[in-house]
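Step one of this worksheet: look at the structure below.
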Amino acid sequence: MNKLVSVERAIETIKDGSSIMVGGFMGTGTPEILIDALVEKKVKDLTIICNDSCYPGRGVSKLIAEKQVKTLIASHVGLNPETGKQMSEGIMEVELVPQGTLAERIRAGGAGLGGFLTRTGVGTVVQEGKQVIEVDGDKYLLEKPLAADFAFIRASIIDKKGNVYYHESTRNFNTIMATAANTVIAATEKLVEVGEMDPNIVMTPHIFVDYIVEGEKPWQI
Amino acid sequence: MNKLVSVERAIETIKDGSSIMVGGFMGTGTPEILIDALVEKKVKDLTIICNDSCYPGRGVSKLIAEKQVKTLIASHVGLNPETGKQMSEGIMEVELVPQGTLAERIRAGGAGLGGFLTRTGVGTVVQEGKQVIEVDGDKYLLEKPLAADFAFIRASIIDKKGNVYYHESTRNFNTIMATAANTVIAATEKLVEVGEMDPNIVMTPHIFVDYIVEGEKPWQI
Amino acid sequence: MADIKHFIAKRVAKELKDGDVVNLGIGLPTLVADYIPSDYDVTFQSENGFVGIGPAPEKGKEDVDLINAGAQYVSVKPGSAFFDSAVSFGIIRGGHVDATVLGALQVDEEGNLANWIIPGVMVPGMGGAMDLVSGAKKVIIAMQHTNKGKHKILKKCTLPLTAEKEVDLIVTEMGVIEVTNEGLVLKEINSEYTVEEVVSATEAHLIISDDLKPMEG
Amino acid sequence: MADIKHFIAKRVAKELKDGDVVNLGIGLPTLVADYIPSDYDVTFQSENGFVGIGPAPEKGKEDVDLINAGAQYVSVKPGSAFFDSAVSFGIIRGGHVDATVLGALQVDEEGNLANWIIPGVMVPGMGGAMDLVSGAKKVIIAMQHTNKGKHKILKKCTLPLTAEKEVDLIVTEMGVIEVTNEGLVLKEINSEYTVEEVVSATEAHLIISDDLKPMEG
């Protein structure tokens, strides 16, 4: 079960129209080397699920700049002017989801839940088209699970079996996205041997990780 | 904000009829010193929420033996004959919940969800009295959140602010129960100063913990 | 202007209690952290995944793995804890945040809030605001009373809502307004303004508290 | 008797593939771990919160913080990972377990399973069984064909169900039965029994595979 592959091999089966979850929050925790490889591969009509569209030059914004994204599902797009531009020009469709609902929908997708009830968004445009369910007198929206063909996650440390440790605020959406995609690709800053990682601090168990790619670097300010 | 108190002070406000979540799986991860203090306090008519009723002489079974429990919500009671006896004699009411549904209901209680949809239990007695919701052609049960007045959790290491680390398989229900109760009491094997615990490996952030009690010991076989 | 913002932030800080868990929105609300009494233990949550936000690092000493929800490099205080986005919003949605302080585009008599979109003009997305406003125990709006003379405190919000009836308190440079079942109550007023000036800067009906006090930053 | 259990466990082990994540129920199913080919990397999950179950420790060398779901002291293999019960059942319910091997009180033609309660006699509770049977990709029942001569493979379960139509394969000391849309198909038979004997030990209608093979432990 050798999971350690080249970046080209890891993204080999991604094709036009694939859906990809990308970990990270404003780029922190986003696997840049996987994004860069996808830019190079020139696949298009992608559905990207990511907390935000980052800012120009970093993270998923690089895919947006190359017009490779057909649908973006995110909670925040305000710091990337290109996102707004492509939305209004009809190049890219953007589905805005409250951040907590986005996280929970991804978790539900990975955890085999058919959906969940949240007060978030009641009485707002987020409610449109959704079932409103009353439980014990309170109104909730029924939100459905999200899953994807691929997940790009960014490990601070990974062992060769695929157990992942995320440092500080790089964890964010990476843990849950790793559970909600058919194929999970982890780019890592550091690779260690099996047995070197304390099993108590593993944040994504190896069973979720399909491919490991080395060479992710700390972000350069 | 001194959270470090005596066990008597920690359980002072628990009274007849209180509901208490107790961490642990067959006793592993259960805070014995809190249970022992509750036995001594002789409060009764308790609602206990715990994965299982353990086996005689350990964990929540000590409360059951003293007939302090009116309602037990658990997934498994097979290794404690006293539970079966009190069920059939009508001394204790037992609500059996599938383990994954129990965990998720507790999590939902702590995470402010109005409920969730699961396939677990469809077509079984677990379905009785529950709303069946169809999503994209599949049937799910709507399960509701669980919360309690108190949670008893067992820390392997805690810092004086209340950040908890659970060792190995002691983690189980402790993390989620710590989020789902009004008052959370942690019994710990080891207490460290604030700043001594790596913030990356905290499993229950301090904001959930109200009281810390020292003196929990490794289980003696 | 900077003075106004600090005045507002200082007043908001008085709403926070020792032991509170607080989430501060970006912009003006982040200034609130500077005015917490030093003997208070207030924990700041960053919805991207930790509690215990500390001061910004010196330039050149940034830790690239550690940003706040506004994408700024920060530090953590001793006793902090990191977690993932699902846990983070469990904390928010589950009522474990005692107070959130946010800016607003509009807020109205019913406590409705609009702060995430101006259709056709600005569509940044709601980020974590909808969850925060629905989930936090106390929702405090910290903002300038008007936007270049245009009313922001309205009878009814005209922009798409962030959440329905969740706002508890509005703190502006003019005064402190509580959202009650009876409507908006002016509880404190900045001595630089008259009641008439505040009323005129407010489209919503303002009930003037019988016990109107001077607002202190 | 012990031989029968090992024979069944050995046959079940052949259903597992290199790289599989597997959850074994208590009792007979735990024996399956002993028959995995040594060059296979099969990960065993323990629903109380980890992947990577290793062998039982020597007496006196138990780690009291480390038990399996059957409350036995175990060890972990290199590359294991601990998590909480919510994550553990996310793994189970989310289809991340390739196979679960469980015992049964009854199983029927539709693949319904009853294994958690005999009303009035035994009420142990379902533990994690309902989630496992609903969530695992493949559900394998490993059990003795009859209970002291009483049928366990029925036309329709009479005991309360663990889950509806989730069983994929039944492995007993008599043979291997696949649950198909057409009904139960006997695919392999232990050479110690005749087809007639298996049919007679089975209340459910058995379709005999055209390609009936000898069952090997």
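Labels used: A, B, ... for chains in the order of the structure tokens, numbers from 1 for residues in each chain, and numbers from 1 for ligands as shown.
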
Could you name the residues that touch segment 109-123 of chain C at 7 Å or less, counting only C-alpha atoms, but leaving out those on the same chain fewer than 3 positions away, as a list of chain:residue names? A:Gly78, C:Gly103, C:Ala104, C:Leu105, C:Gln106, C:Met126, C:Leu154, C:Lys155, C:Lys156, C:Cys157, C:Leu159, C:Pro160, C:Leu161, C:Thr162, C:Ala163, C:Glu164, C:Lys165, C:Glu166, C:Val167, C:Asp168, C:Val179, C:Gly183, C:Leu184, C:Ala204

Contact residues (chain B, partner chain C, 9 Å, only C-alpha atoms) as a PyMOL selection string: chain B and resi 1+107-113+159-163+179-180+193-208

Select, from B:Glu168, B:Glu216, B:Asp45, B:Asp136, the residue with the minimum atom-to-atom distance to chain A, counting only C-alpha atoms.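 Between B:Glu168, B:Glu216, B:Asp45, B:Asp136, the residue approaching chain A most closely is B:Glu168.
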
Under the rule that only C-alpha atoms are counted, which of B:Ser6, B:Asn174, B:Gln220, B:Ser19 is the nearest residue to Leu146 of chain B?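 Looking only at the distances to Leu146 of chain B, the closest residue turns out to be B:Ser19.
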
Å distance separating atom CA of Asp211 of chain C from atom CA of Met143 of chain C, one decimal place: 23.2 Å

Please list as an NGL selection string every residue within 8 Å of segment 92-95 of chain A, counting only C-alpha atoms and excluding residues in the same chain fewer than 5 positions away. :A and (67 or 69-74 or 83 or 86-87)

Keeping all heavy atoms, export the residues of the selection given above as a compact mmCIF listing (two decimals), in the first residue's frame.
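File part-v2.txt, as written:
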# COMPACT_ATOMS: atom_id res chain seq x y z
N LYS A 67 -9.61 30.57 -14.95
CA LYS A 67 -10.97 30.23 -15.39
C LYS A 67 -11.21 28.72 -15.47
O LYS A 67 -11.90 28.22 -16.35
CB LYS A 67 -11.30 30.89 -16.73
CG LYS A 67 -11.20 32.43 -16.69
CD LYS A 67 -11.89 33.06 -17.90
CE LYS A 67 -12.02 34.56 -17.77
NZ LYS A 67 -10.74 35.29 -17.58
N VAL A 69 -12.61 27.11 -12.95
CA VAL A 69 -13.67 26.78 -12.00
C VAL A 69 -15.03 27.17 -12.57
O VAL A 69 -15.26 28.31 -12.96
CB VAL A 69 -13.45 27.51 -10.66
CG1 VAL A 69 -14.53 27.09 -9.65
CG2 VAL A 69 -12.05 27.23 -10.12
N LYS A 70 -15.92 26.18 -12.63
CA LYS A 70 -17.28 26.45 -13.12
C LYS A 70 -18.19 26.79 -11.95
O LYS A 70 -19.04 27.66 -12.05
CB LYS A 70 -17.80 25.19 -13.84
CG LYS A 70 -19.09 25.43 -14.57
CD LYS A 70 -19.55 24.16 -15.26
CE LYS A 70 -20.88 24.38 -15.98
NZ LYS A 70 -21.41 23.10 -16.46
N THR A 71 -18.03 26.06 -10.84
CA THR A 71 -18.86 26.27 -9.66
C THR A 71 -17.97 26.36 -8.43
O THR A 71 -17.12 25.50 -8.23
CB THR A 71 -19.86 25.11 -9.48
OG1 THR A 71 -20.61 24.95 -10.68
CG2 THR A 71 -20.82 25.38 -8.32
N LEU A 72 -18.20 27.40 -7.64
CA LEU A 72 -17.47 27.54 -6.38
C LEU A 72 -18.48 27.50 -5.25
O LEU A 72 -19.46 28.24 -5.24
CB LEU A 72 -16.72 28.88 -6.37
CG LEU A 72 -15.99 29.22 -5.05
CD1 LEU A 72 -14.79 28.31 -4.84
CD2 LEU A 72 -15.56 30.70 -5.04
N ILE A 73 -18.25 26.61 -4.30
CA ILE A 73 -19.08 26.56 -3.09
C ILE A 73 -18.19 27.02 -1.95
O ILE A 73 -17.19 26.39 -1.64
CB ILE A 73 -19.62 25.13 -2.85
CG1 ILE A 73 -20.42 24.67 -4.07
CG2 ILE A 73 -20.47 25.08 -1.58
CD1 ILE A 73 -20.93 23.24 -4.00
N ALA A 74 -18.55 28.17 -1.35
CA ALA A 74 -17.68 28.80 -0.35
C ALA A 74 -18.51 29.66 0.59
O ALA A 74 -19.69 29.91 0.34
CB ALA A 74 -16.63 29.66 -1.05
N THR A 83 -13.15 36.80 -8.17
CA THR A 83 -14.34 35.98 -7.93
C THR A 83 -15.60 36.77 -8.24
O THR A 83 -16.48 36.30 -8.97
CB THR A 83 -14.37 35.51 -6.46
OG1 THR A 83 -13.13 34.90 -6.14
CG2 THR A 83 -15.50 34.52 -6.24
N GLN A 86 -15.96 37.32 -12.04
CA GLN A 86 -16.43 36.15 -12.79
C GLN A 86 -17.87 35.78 -12.43
O GLN A 86 -18.60 35.21 -13.24
CB GLN A 86 -15.49 34.95 -12.55
CG GLN A 86 -14.12 35.15 -13.19
CD GLN A 86 -13.28 33.89 -13.20
OE1 GLN A 86 -13.80 32.78 -13.07
NE2 GLN A 86 -11.98 34.05 -13.37
N MET A 87 -18.29 36.10 -11.18
CA MET A 87 -19.70 35.89 -10.80
C MET A 87 -20.60 36.77 -11.64
O MET A 87 -21.57 36.30 -12.22
CB MET A 87 -19.91 36.29 -9.33
CG MET A 87 -19.62 35.25 -8.31
SD MET A 87 -19.64 35.99 -6.63
CE MET A 87 -21.42 36.03 -6.32

Can you pull out the residues contacting Ala33 of chain C? Cut-off 9 Å, using only C-alpha atoms, and skip same-chain residues under 5 positions away; I want them as JSON, numbers by chain. {"C": [9, 10, 13, 24, 42, 44]}
